[in-house]
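A.B. asks: Got a structure for you, protein-v7.txt, holding compact mmCIF, C-alpha atoms.
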```txt
# COMPACT_ATOMS: atom_id res chain seq x y z
CA LYS X 17 -7.28 20.16 -28.36
CA ASP X 18 -10.35 22.41 -28.16
CA LEU X 19 -9.91 23.26 -24.46
CA THR X 20 -6.29 23.59 -23.40
CA LEU X 21 -4.76 23.05 -19.98
CA ALA X 22 -3.57 26.65 -19.97
CA GLN X 23 -7.16 27.81 -20.55
CA LEU X 24 -8.40 25.62 -17.69
CA GLU X 25 -5.68 27.05 -15.46
CA SER X 26 -6.89 30.56 -16.13
CA ASP X 27 -10.58 29.72 -15.58
CA PHE X 28 -10.44 27.53 -12.46
CA ASP X 29 -8.95 27.67 -8.96
CA ALA X 30 -7.56 24.11 -9.09
CA ILE X 31 -7.11 21.38 -11.67
CA ILE X 32 -6.47 17.66 -11.14
CA MET X 33 -4.88 15.77 -14.01
CA ALA X 34 -6.04 12.13 -13.83
CA ALA X 35 -5.42 11.08 -17.41
CA GLY X 36 -4.23 7.53 -16.74
CA THR X 37 -1.54 5.70 -18.70
CA LEU X 38 -2.59 5.74 -22.34
CA ARG X 39 0.87 5.86 -23.99
CA PRO X 40 1.74 2.27 -24.95
CA ASN X 41 5.16 0.85 -24.23
CA LEU X 42 6.10 -0.26 -27.73
CA LEU X 43 9.33 -2.23 -27.75
CA ASP X 44 12.20 -0.22 -29.22
CA ILE X 45 13.77 -3.09 -31.16
CA PRO X 46 14.57 -3.62 -34.85
CA GLY X 47 11.51 -4.02 -37.06
CA LYS X 48 9.19 -1.92 -34.89
CA GLU X 49 7.88 -0.10 -37.98
CA LEU X 50 6.32 -3.28 -39.43
CA SER X 51 2.57 -3.71 -39.74
CA GLY X 52 0.97 -6.33 -37.52
CA ILE X 53 2.43 -5.12 -34.21
CA VAL X 54 -0.37 -3.99 -31.86
CA HIS X 55 -0.35 -2.94 -28.25
CA GLY X 56 -2.55 -5.12 -26.07
CA LEU X 57 -4.75 -2.31 -24.75
CA ASP X 58 -5.48 -1.08 -28.28
CA PHE X 59 -6.41 -4.62 -29.30
CA LEU X 60 -8.71 -5.15 -26.32
CA LEU X 61 -10.42 -1.81 -26.91
CA ALA X 62 -11.03 -2.68 -30.55
CA ALA X 63 -12.23 -6.16 -29.70
CA ASN X 64 -14.71 -4.97 -27.09
CA HIS X 65 -16.10 -2.03 -29.06
CA HIS X 66 -15.95 -3.42 -32.57
CA VAL X 67 -15.99 -7.18 -32.13
CA GLU X 68 -17.58 -7.72 -35.51
CA ARG X 69 -14.61 -5.99 -37.15
CA ALA X 70 -11.89 -7.34 -34.84
CA HIS X 71 -8.85 -8.39 -36.85
CA VAL X 72 -8.07 -12.05 -36.19
CA ASN X 73 -4.88 -13.38 -37.70
CA GLU X 74 -3.90 -16.98 -38.19
CA THR X 75 -0.94 -17.06 -35.82
CA VAL X 76 -0.47 -14.69 -32.87
CA ILE X 77 2.22 -14.10 -30.24
CA VAL X 78 1.34 -12.42 -26.95
CA ILE X 79 4.27 -10.88 -25.08
CA GLY X 80 3.99 -10.04 -21.39
CA GLY X 81 3.20 -11.42 -17.96
CA GLY X 82 0.44 -9.24 -16.54
CA PHE X 83 -3.34 -8.90 -16.69
CA THR X 84 -3.26 -7.43 -20.21
CA ALA X 85 -1.34 -10.45 -21.51
CA MET X 86 -3.86 -12.82 -19.92
CA ASP X 87 -6.81 -10.89 -21.38
CA CYS X 88 -5.24 -10.66 -24.84
CA ALA X 89 -4.51 -14.39 -25.05
CA ARG X 90 -7.96 -15.48 -23.89
CA THR X 91 -9.71 -12.89 -26.07
CA ILE X 92 -7.84 -13.67 -29.27
CA LYS X 93 -8.54 -17.37 -28.84
CA ARG X 94 -12.27 -16.69 -28.40
CA LEU X 95 -12.17 -14.71 -31.63
CA GLY X 96 -10.98 -17.80 -33.46
CA ALA X 97 -7.28 -17.21 -33.94
CA LYS X 98 -4.79 -20.04 -33.99
CA LEU X 99 -2.15 -18.84 -31.60
CA VAL X 100 1.44 -19.92 -31.82
CA HIS X 101 2.41 -23.07 -29.97
CA LEU X 102 6.06 -22.80 -29.00
CA ASP X 103 7.80 -26.09 -28.37
CA VAL X 104 11.28 -25.07 -27.28
CA PRO X 105 13.63 -27.85 -26.14
CA GLU X 106 15.30 -27.32 -22.79
CA ASN X 107 18.61 -28.54 -24.18
CA LYS X 108 20.48 -25.31 -24.86
CA LYS X 109 22.40 -26.96 -27.72
CA SER X 110 19.14 -26.95 -29.66
CA TRP X 111 18.10 -23.38 -28.87
CA HIS X 112 19.36 -21.73 -32.04
CA ASN X 113 16.86 -21.40 -34.93
CA ILE X 114 14.28 -23.81 -33.52
CA ALA X 115 11.59 -24.83 -35.98
CA LEU X 116 8.00 -24.93 -34.81
CA PRO X 117 5.87 -28.05 -35.21
CA ASP X 118 3.20 -28.05 -37.88
CA SER X 119 0.36 -27.90 -35.31
CA ARG X 120 -0.34 -24.33 -34.24
CA THR X 121 -3.59 -24.80 -32.41
CA GLN X 122 -2.54 -23.76 -28.91
CA ALA X 123 -2.15 -20.25 -27.54
CA GLN X 124 1.24 -19.05 -26.38
CA VAL X 125 2.18 -16.21 -24.05
CA LEU X 126 5.88 -15.36 -23.78
CA TYR X 127 7.24 -13.67 -20.64
CA ARG X 128 10.78 -12.57 -19.83
CA ARG X 129 10.73 -13.54 -16.14
CA SER X 130 9.47 -16.58 -14.23
CA GLU X 131 5.98 -17.26 -12.91
CA ASN X 132 7.05 -15.99 -9.47
CA GLU X 133 7.58 -12.50 -10.88
CA MET X 134 4.24 -12.25 -12.68
CA LEU X 135 1.98 -9.45 -11.45
CA VAL X 136 -1.34 -11.29 -11.67
CA THR X 137 -3.79 -12.61 -9.09
CA PRO X 138 -3.98 -16.32 -8.22
CA GLY X 139 -5.97 -18.28 -10.78
CA GLU X 140 -5.07 -16.22 -13.86
CA VAL X 141 -2.35 -18.56 -15.13
CA GLU X 142 -4.41 -21.61 -14.18
CA GLU X 143 -7.31 -20.40 -16.33
CA LEU X 144 -4.93 -20.00 -19.27
CA GLY X 145 -4.01 -23.64 -18.87
CA HIS X 146 -7.65 -24.73 -18.67
CA GLU X 147 -8.26 -23.07 -22.02
CA GLY X 148 -5.22 -24.68 -23.63
CA ILE X 149 -3.13 -21.51 -23.59
CA GLN X 150 0.47 -22.08 -22.59
CA MET X 151 2.79 -19.74 -20.71
CA HIS X 152 6.45 -19.83 -21.68
CA TYR X 153 8.87 -18.19 -19.27
CA LEU X 154 12.35 -16.64 -19.33
CA ILE X 155 12.17 -15.41 -22.93
CA SER X 156 12.91 -11.89 -24.18
CA PRO X 157 12.19 -10.46 -27.65
CA LEU X 158 15.22 -9.35 -29.70
CA LYS X 159 13.76 -8.15 -33.00
CA TYR X 160 10.73 -8.36 -35.27
CA LEU X 161 10.92 -10.36 -38.48
CA GLY X 162 9.04 -9.26 -41.58
CA GLU X 163 8.56 -9.19 -45.35
CA ASN X 164 7.08 -6.44 -47.53
CA GLY X 165 6.30 -4.28 -44.51
CA GLN X 166 4.33 -7.02 -42.69
CA VAL X 167 5.52 -8.78 -39.55
CA THR X 168 6.18 -12.49 -40.04
CA GLY X 169 7.51 -13.39 -36.60
CA MET X 170 10.02 -12.52 -33.90
CA GLN X 171 13.46 -13.47 -32.77
CA PHE X 172 13.76 -14.29 -29.07
CA ILE X 173 16.49 -15.17 -26.60
CA ARG X 174 16.46 -17.26 -23.45
CA ASN X 175 16.94 -15.63 -20.00
CA ALA X 176 18.20 -16.52 -16.56
CA LEU X 177 17.19 -14.59 -13.45
CA GLY X 178 19.66 -12.28 -11.73
CA ASP X 179 19.41 -10.06 -8.67
CA PRO X 180 16.21 -8.14 -7.84
CA ASP X 181 15.69 -4.83 -9.65
CA PRO X 182 14.18 -1.67 -8.02
CA SER X 183 10.70 -3.22 -8.31
CA GLY X 184 11.81 -6.14 -6.12
CA ARG X 185 11.52 -8.68 -8.93
CA ARG X 186 14.54 -10.61 -10.14
CA LYS X 187 16.05 -9.10 -13.27
CA PRO X 188 16.12 -11.20 -16.46
CA ILE X 189 19.61 -11.72 -17.92
CA THR X 190 19.96 -12.97 -21.49
CA ILE X 191 21.85 -16.21 -22.21
CA PRO X 192 24.24 -15.76 -25.18
CA GLY X 193 23.74 -18.26 -27.98
CA SER X 194 20.16 -19.14 -27.03
CA GLU X 195 18.43 -17.16 -29.81
CA PHE X 196 15.51 -18.69 -31.72
CA GLU X 197 12.77 -17.52 -34.09
CA VAL X 198 8.99 -17.86 -34.00
CA SER X 199 6.63 -17.26 -36.94
CA ALA X 200 3.47 -15.16 -36.49
CA ASP X 201 1.45 -12.61 -38.43
CA LEU X 202 0.15 -10.65 -35.42
CA ILE X 203 2.10 -9.70 -32.31
CA LEU X 204 0.27 -8.34 -29.27
CA LEU X 205 2.44 -6.36 -26.86
CA ALA X 206 1.23 -6.56 -23.27
CA THR X 207 4.35 -4.72 -22.18
CA GLY X 208 2.94 -1.91 -20.08
CA GLN X 209 2.00 1.68 -20.70
CA PHE X 210 3.03 5.18 -19.62
CA PRO X 211 1.32 8.54 -19.06
CA GLU X 212 0.52 10.39 -22.29
CA THR X 213 1.65 14.00 -21.81
CA THR X 214 1.89 15.38 -25.36
CA TRP X 215 -1.53 17.03 -24.95
CA ILE X 216 -0.15 19.41 -22.31
CA ASP X 217 0.34 22.89 -23.77
CA ALA X 218 3.81 23.77 -24.99
CA GLN X 219 3.97 26.69 -22.56
CA LEU X 220 3.48 24.28 -19.62
CA GLN X 221 5.60 21.39 -20.89
CA SER X 222 8.87 22.65 -19.39
CA GLN X 223 7.32 23.07 -15.94
CA LEU X 224 5.37 19.81 -15.86
CA VAL X 225 7.03 17.23 -18.14
CA ASN X 226 10.49 15.67 -18.28
CA GLY X 227 12.28 15.05 -21.54
CA ASP X 228 11.31 11.37 -21.42
CA GLY X 229 7.59 12.21 -21.38
CA TRP X 230 7.03 11.41 -17.70
CA LEU X 231 5.68 14.05 -15.33
CA LYS X 232 8.33 15.77 -13.25
CA ASN X 233 6.63 15.06 -9.93
CA SER X 234 6.09 11.39 -10.67
CA SER X 235 4.18 9.55 -7.89
CA GLY X 236 3.44 12.83 -6.12
CA TYR X 237 0.40 15.09 -6.05
CA GLU X 238 1.56 18.68 -6.51
CA THR X 239 3.29 20.10 -9.58
CA ALA X 240 5.43 23.17 -10.26
CA GLN X 241 2.19 25.00 -11.10
CA ASP X 242 0.36 25.83 -7.86
CA LYS X 243 -3.10 25.22 -9.31
CA ILE X 244 -2.31 21.94 -11.07
CA PHE X 245 -2.34 18.58 -9.27
CA ILE X 246 -1.83 15.03 -10.55
CA THR X 247 -3.25 11.74 -9.33
CA GLY X 248 -3.77 8.05 -10.04
CA ASP X 249 -1.88 6.21 -12.77
CA PHE X 250 -1.07 9.53 -14.44
CA SER X 251 1.12 10.27 -11.43
CA THR X 252 2.33 6.87 -10.26
CA GLY X 253 2.39 4.83 -13.46
CA ALA X 254 0.09 1.88 -14.07
CA LYS X 255 -1.03 0.27 -10.82
CA SER X 256 -4.20 -1.31 -9.48
CA LEU X 257 -7.66 0.22 -9.24
CA ILE X 258 -7.50 0.39 -5.44
CA ASP X 259 -4.10 2.15 -5.64
CA ALA X 260 -5.63 4.78 -7.91
CA ILE X 261 -8.63 5.28 -5.60
CA GLY X 262 -6.40 5.73 -2.54
CA HIS X 263 -4.10 8.12 -4.41
CA ALA X 264 -7.09 10.17 -5.57
CA LYS X 265 -8.48 10.47 -2.04
CA GLU X 266 -5.20 11.87 -0.77
CA CYS X 267 -5.01 14.23 -3.75
CA ALA X 268 -8.52 15.51 -2.95
CA ARG X 269 -7.41 16.30 0.62
CA ARG X 270 -4.44 18.27 -0.68
CA VAL X 271 -6.56 20.22 -3.12
CA ASP X 272 -9.01 21.03 -0.34
CA LYS X 273 -6.16 22.33 1.83
CA PHE X 274 -4.84 24.37 -1.11
CA LEU X 275 -8.25 25.96 -1.72
CA MET X 276 -9.25 26.52 1.92
CA GLY X 277 -5.86 27.44 3.37
CA VAL X 278 -6.20 24.96 6.23
CA GLN X 279 -6.15 21.20 6.76
CA ARG X 280 -9.89 20.59 7.22
CA MET X 281 -9.92 16.78 7.08
CA GLN X 282 -7.80 14.13 8.68
CA GLN X 283 -7.91 10.38 9.23
CA VAL X 284 -8.38 9.16 12.77
CA ALA X 285 -8.63 5.77 14.44
CA VAL X 286 -12.02 5.13 16.04
CA ILE X 287 -11.66 2.73 18.98
CA GLU X 288 -14.74 1.06 20.41
CA ASP X 289 -14.92 -1.42 23.28
CA THR X 290 -16.94 -4.52 22.50
CA SER X 291 -17.70 -7.51 24.68
CA ARG X 292 -18.96 -9.61 21.76
CA GLY X 293 -15.60 -9.79 20.00
CA SER X 294 -15.21 -10.70 16.36
CA GLN X 295 -17.68 -13.62 16.41
CA ARG X 296 -14.99 -15.85 14.90
CA ILE X 297 -14.57 -19.44 16.05
CA ARG X 298 -11.58 -21.72 15.67
CA GLU X 299 -13.29 -23.90 13.10
CA MET X 300 -13.30 -20.99 10.65
CA ASP X 301 -9.53 -21.42 10.29
CA ALA X 302 -10.16 -24.75 8.57
CA VAL X 303 -12.43 -23.25 5.88
CA PRO X 304 -10.55 -23.56 2.55
CA VAL X 305 -10.44 -20.97 -0.23
CA GLN X 306 -13.68 -21.32 -2.15
CA ASP X 307 -13.28 -22.24 -5.81
CA MET X 308 -15.05 -19.89 -8.19
CA SER X 309 -17.63 -21.57 -10.41
CA THR X 310 -16.83 -21.08 -14.10
CA LEU X 311 -18.44 -21.80 -17.44
CA PRO X 312 -17.55 -25.07 -19.14
CA LEU X 313 -14.85 -24.60 -21.77
CA ASN X 314 -17.19 -25.32 -24.68
CA GLN X 315 -19.46 -22.44 -23.60
CA ARG X 316 -16.77 -19.77 -23.30
CA TYR X 317 -17.61 -17.67 -26.32
CA PHE X 318 -16.52 -14.05 -26.69
CA LYS X 319 -19.25 -12.27 -24.72
CA ALA X 320 -19.84 -14.97 -22.10
CA GLU X 321 -19.20 -14.26 -18.42
CA VAL X 322 -16.73 -16.99 -17.48
CA GLU X 323 -16.59 -16.48 -13.71
CA LEU X 324 -20.07 -17.15 -12.33
CA GLY X 325 -19.60 -15.91 -8.76
CA PHE X 326 -20.37 -17.61 -5.46
CA ASP X 327 -23.71 -19.00 -4.40
CA GLN X 328 -24.98 -17.96 -0.97
CA GLN X 329 -23.27 -20.73 0.99
CA GLN X 330 -19.95 -20.23 -0.81
CA ALA X 331 -20.10 -16.49 -0.09
CA ILE X 332 -20.70 -17.18 3.60
CA ASP X 333 -17.87 -19.72 3.74
CA GLU X 334 -15.44 -17.39 1.98
CA ALA X 335 -16.36 -14.47 4.25
CA GLN X 336 -15.76 -16.64 7.33
CA ARG X 337 -12.11 -16.97 6.36
CA CYS X 338 -11.53 -13.27 7.19
CA TYR X 339 -9.36 -12.83 10.30
CA GLN X 340 -11.21 -9.64 11.38
CA CYS X 341 -7.93 -7.82 11.93
CA HIS X 342 -9.73 -4.66 13.05
CA TYR X 343 -10.54 -6.41 16.35
CA LYS X 344 -7.68 -6.09 18.82
CA TYR X 345 -7.36 -8.41 21.81
CA GLU X 346 -5.16 -7.13 24.68
CA ILE X 347 -4.17 -8.37 28.13
CA ASP X 348 -4.11 -5.77 30.93
CA PRO X 349 -0.89 -6.50 32.90
CA ASP X 350 -2.29 -4.76 35.99
CA VAL X 351 -5.20 -7.23 36.12
CA CYS X 352 -3.48 -10.39 34.83
CA ILE X 353 -2.60 -12.91 37.58
CA TYR X 354 -0.31 -14.97 35.30
CA CYS X 355 -2.37 -18.11 35.72
CA ASN X 356 -1.64 -19.08 32.08
CA TRP X 357 -5.20 -20.24 31.40
CA CYS X 358 -5.17 -18.14 28.21
CA ILE X 359 -1.98 -19.87 27.10
CA LYS X 360 -3.56 -23.26 27.72
CA ALA X 361 -6.60 -22.25 25.64
CA LYS X 362 -4.72 -20.67 22.73
CA PRO X 363 -5.24 -22.37 19.31
CA GLN X 364 -2.03 -21.09 17.70
CA PRO X 365 1.54 -21.67 18.98
CA ASP X 366 2.46 -17.97 19.04
CA CYS X 367 -0.83 -16.09 19.35
CA ILE X 368 -0.21 -15.61 23.10
CA VAL X 369 3.37 -15.59 24.36
CA GLU X 370 5.25 -14.97 27.59
CA VAL X 371 7.71 -12.13 26.96
CA SER X 372 10.47 -10.41 28.85
CA SER X 373 10.07 -7.12 26.94
CA LEU X 374 8.50 -5.47 23.91
CA ASN X 375 10.29 -3.69 21.05
CA TYR X 376 9.09 -0.26 19.92
CA SER X 377 9.62 1.88 16.82
CA GLU X 378 10.61 5.55 16.98
CA GLN X 379 6.90 6.37 16.72
CA GLY X 380 6.10 4.23 19.76
CA LYS X 381 4.54 1.36 17.81
CA ILE X 382 5.09 -2.20 19.04
CA VAL X 383 7.17 -3.91 16.36
CA GLY X 384 8.21 -7.11 18.11
CA PHE X 385 8.84 -8.89 21.38
CA ASN X 386 11.54 -10.77 23.24
CA ARG X 387 10.33 -14.18 24.35
CA ALA X 388 10.86 -15.02 28.02
CA GLU X 389 13.39 -17.78 28.64
CA SER X 390 11.72 -18.90 31.87
CA SER X 391 8.83 -18.07 34.16
CA GLU X 392 11.19 -15.93 36.28
CA ASP X 393 12.05 -13.93 33.15
CA THR X 394 8.36 -13.31 32.26
CA ASN X 395 7.29 -9.70 32.63
CA LEU X 396 4.22 -9.82 30.42
CA VAL X 397 1.74 -12.23 28.87
CA TYR X 398 1.30 -10.73 25.42
CA ILE X 399 -1.21 -11.31 22.61
CA ASN X 400 0.72 -11.33 19.35
CA GLN X 401 -1.60 -9.57 16.91
CA GLU X 402 0.08 -11.11 13.85
CA ASP X 403 -0.85 -14.64 14.92
CA CYS X 404 -4.13 -13.90 16.71
CA ILE X 405 -7.12 -15.48 14.91
CA ARG X 406 -9.72 -13.52 16.96
CA CYS X 407 -11.40 -16.71 18.18
CA HIS X 408 -12.25 -15.28 21.66
CA ALA X 409 -10.96 -18.46 23.37
CA CYS X 410 -8.57 -16.50 25.60
CA VAL X 411 -11.35 -14.16 26.79
CA GLU X 412 -13.53 -17.10 27.75
CA ALA X 413 -10.64 -18.80 29.58
CA CYS X 414 -9.48 -15.80 31.62
CA PRO X 415 -10.81 -16.05 35.23
CA VAL X 416 -10.21 -12.38 36.10
CA ASP X 417 -11.44 -10.62 32.95
CA ALA X 418 -7.96 -9.27 32.16
CA ILE X 419 -8.47 -9.47 28.38
CA SER X 420 -10.29 -6.68 26.57
CA VAL X 421 -11.50 -6.51 22.97
CA GLN X 422 -11.54 -3.31 20.96
CA LYS X 423 -12.89 -2.68 17.48
CA VAL X 424 -10.65 -0.27 15.57
CA SER X 425 -11.93 1.57 12.49
CA LEU X 426 -10.45 4.26 10.26
CA ALA X 427 -12.56 7.36 9.77
CA GLU X 428 -12.14 10.73 8.09
CA VAL X 429 -13.32 13.69 10.11
CA ILE X 430 -13.58 17.41 9.59
CA CYS X 431 -11.05 18.99 11.93
CA ALA X 432 -11.75 22.66 11.10
CA ASP X 433 -14.89 24.46 9.92
CA GLU X 434 -13.03 27.42 8.54
CA PRO X 435 -9.50 28.84 8.51
CA GLY X 436 -8.27 29.40 12.04
CA LYS X 437 -11.30 27.78 13.72
CA SER X 438 -11.22 24.25 15.09
CA SER X 439 -14.23 22.06 15.71
```
Let me see the file written as structure tokens.
C.D. replies:
Amino acid sequence: KDLTLAQLESDFDAIIMAAGTLRPNLLDIPGKELSGIVHGLDFLLAANHHVERAHVNETVIVIGGGFTAMDCARTIKRLGAKLVHLDVPENKKSWHNIALPDSRTQAQVLYRRSENEMLVTPGEVEELGHEGIQMHYLISPLKYLGENGQVTGMQFIRNALGDPDPSGRRKPITIPGSEFEVSADLILLATGQFPETTWIDAQLQSQLVNGDGWLKNSSGYETAQDKIFITGDFSTGAKSLIDAIGHAKECARRVDKFLMGVQRMQQVAVIEDTSRGSQRIREMDAVPVQDMSTLPLNQRYFKAEVELGFDQQQAIDEAQRCYQCHYKYEIDPDVCIYCNWCIKAKPQPDCIVEVSSLNYSEQGKIVGFNRAESSEDTNLVYINQEDCIRCHACVEACPVDAISVQKVSLAEVICADEPGKSS
């Protein structure tokens, strides 16, 4: 408010807007004006900054199926709330106006899709269960219930899954006649968030912002104003931290080109020959995913660190599971004598295959192969990179040293020192 975007535009040669997604997605359903409806991010911010004043209600509903929903449910339980336990019969004849049991001591998170569509990492839902917090799937909110301006619960409806939507997840479809009500005096909405664009000056709104509040060049980098760029969640919508970092790096390259008038940096593949290989052995394939040590349930108070990390041996074991995909094993067809010793030594069924031909993309990239039907049909012994476990067994078996190993890295280099001059 004190320093406007228009003022910044006049004072600087380039501006990057990286303002995140701070506009909450508040459900546009009847009763939305009631008190006691809080967006999950607002609740988590209040809980972490003002825990001594955090508002803890007796019964709470958490709506959503992402990281915010998981954090809200586990946080509100640590703060002492009794979250709603929803015991909904599967018999659809009993779906209408279901009464809750008297016991409301378990947490409940309600999500409109199934567990397969949840955008969380493995272990999140399992930890909810360990803490006595239940997930309930295929439920959509219909309206808020309330008295005297205060929310008293919600009306929901059961869903079935239809065809995938543009995100690739199957779309929830409501089942008529399956409505039911749940009582609660606090509802936490973990239903996503959007870019907040109301702070952009009125004189720039028409060039930068659509009528729905989203930026016009959504997911891009440049805007209609030459000096103004956008990046991260503010451009793409809420995604992961690594997505935002990658998006910001590309945005920085574009700003540099805009300021300097030339593409000064580019990404290149650095290829190095190595005789040592990846140092993987076959036994590493049998190493299981290491379970993270966690605090006992009775010690999980609000400020406690629940995940305790790996000890040294666990860290080593987990690291050994990496397939070292930046090492590329290749057979030189001009040296290969087709003795098949590599095929006899291979640990995976399809890591080395006899092929009649390879398939290429328009860019010349190998995208597949045609398996040879017989030895007479074999034109190439090919290492299939998708199945290769980088165990080095084929290199050790080859009697004519026809198999090479290359380490491939991605690097960013300066390709021009100044406009018109290459280095």
A.B. asks: Name all residues at most 10 Å from stretch 297-314 of chain X (count only C-alpha atoms; drop same-chain ones fewer than 6 positions away) and give them as a ChimeraX atom specification.
C.D. replies: /X:139,143,146-148,320-327,330-339,362-364,405-409
A.B. asks: Between X:Asp27, X:Glu131, X:Asp58, X:Glu163, which residue has the minimum interatomic distance to X:Leu42, considering only C-alpha atoms?
C.D. replies: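 Among X:Asp27, X:Glu131, X:Asp58, X:Glu163, it is X:Asp58 that comes nearest to X:Leu42.
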A.B. asks: Please compute the atom CA of X:Tyr354-atom CA of X:Val397 distance, one decimal, in Å.
C.D. replies: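 Straight-line distance from atom CA of X:Tyr354 to atom CA of X:Val397 works out to 7.3 Å.
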A.B. asks: Name the closest residue to X:Lys17 among the candidates X:Ile353, X:Ile216, X:Ala85, X:Val284; distances are taken between atoms, counting all atoms listed in the file.
C.D. replies: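 Among the listed residues, the smallest separation from X:Lys17 belongs to X:Ile216.
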A.B. asks: Do you have the atom CA of X:Leu224-atom CA of X:Leu19 distance handy?
C.D. replies: 17.9 Å
A.B. asks: What is the distance between atom CA of X:Leu61 and atom CA of X:Lys159, in Å to one decimal?
C.D. replies: 25.7 Å
A.B. asks: Can you pull out every residue within 12 Å of X:His263, counting only C-alpha atoms, but drop anything in the same chain fewer than 6 positions away, and send it as number ranges by chain?
C.D. replies: X: 32, 34, 235-237, 245-253, 255-257, 269-270
A.B. asks: Of the candidates X:Cys414, X:Val78, X:Ile31, X:Val421, which shows the shortest atom-to-atom distance to X:Thr207, using all atoms listed in the file?
C.D. replies: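 Once distances to X:Thr207 are computed over all atoms listed in the file, the minimum belongs to X:Val78.
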A.B. asks: May I ask which of the residues X:Met86, X:Ile258, X:Val167, X:Leu220 is the closest one to X:Glu142, counting all atoms listed in the file?
C.D. replies: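 Under the stated criterion, the closest residue is X:Met86.
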A.B. asks: Counting only C-alpha atoms, figure out which residue out of X:Gln241, X:Asp181, X:Ile203, X:Ser51 gets nearest to X:Ala89.
C.D. replies: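 Of the candidates, the smallest distance to X:Ala89 is held by X:Ile203.
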A.B. asks: Nearest to X:Gly80: which of X:Ala206, X:Ile419, X:Leu50, X:Ala35 is it, counting all atoms listed in the file?
C.D. replies: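 Nearest to X:Gly80: X:Ala206.
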A.B. asks: Starting from the sparse input, extend stretch 183-187 of chain X to all heavy atoms and give the output as a CSV table (one decimal), in the coordinates of the input.
C.D. replies:
```csv
chain,number,residue,atom,x,y,z
X,183,SER,N,12.1,-2.8,-8.6
X,183,SER,CA,10.7,-3.2,-8.3
X,183,SER,C,10.6,-4.4,-7.3
X,183,SER,O,9.5,-4.8,-6.9
X,183,SER,CB,10.0,-3.6,-9.6
X,183,SER,OG,10.5,-4.9,-10.1
X,184,GLY,N,11.8,-5.0,-7.0
X,184,GLY,CA,11.8,-6.1,-6.1
X,184,GLY,C,11.8,-7.5,-6.8
X,184,GLY,O,11.9,-8.5,-6.2
X,185,ARG,N,11.6,-7.4,-8.2
X,185,ARG,CA,11.5,-8.7,-8.9
X,185,ARG,C,12.9,-9.0,-9.5
X,185,ARG,O,13.6,-8.0,-9.9
X,185,ARG,CB,10.5,-8.6,-10.1
X,185,ARG,CG,9.1,-8.4,-9.5
X,185,ARG,CD,8.1,-8.4,-10.7
X,185,ARG,NE,8.2,-7.2,-11.5
X,185,ARG,CZ,7.6,-7.0,-12.7
X,185,ARG,NH1,6.8,-8.0,-13.2
X,185,ARG,NH2,7.8,-5.9,-13.3
X,186,ARG,N,13.2,-10.3,-9.6
X,186,ARG,CA,14.5,-10.6,-10.1
X,186,ARG,C,14.7,-10.2,-11.6
X,186,ARG,O,13.8,-10.4,-12.4
X,186,ARG,CB,14.8,-12.1,-10.0
X,186,ARG,CG,14.8,-12.5,-8.5
X,186,ARG,CD,15.0,-14.0,-8.4
X,186,ARG,NE,16.4,-14.4,-8.9
X,186,ARG,CZ,16.7,-15.7,-9.0
X,186,ARG,NH1,15.9,-16.7,-8.6
X,186,ARG,NH2,17.9,-16.0,-9.5
X,187,LYS,N,15.8,-9.6,-11.9
X,187,LYS,CA,16.0,-9.1,-13.3
X,187,LYS,C,16.4,-10.2,-14.3
X,187,LYS,O,17.2,-11.1,-14.0
X,187,LYS,CB,17.2,-8.1,-13.2
X,187,LYS,CG,17.5,-7.3,-14.5
X,187,LYS,CD,18.6,-6.3,-14.3
X,187,LYS,CE,18.9,-5.6,-15.6
X,187,LYS,NZ,19.9,-4.6,-15.4
```
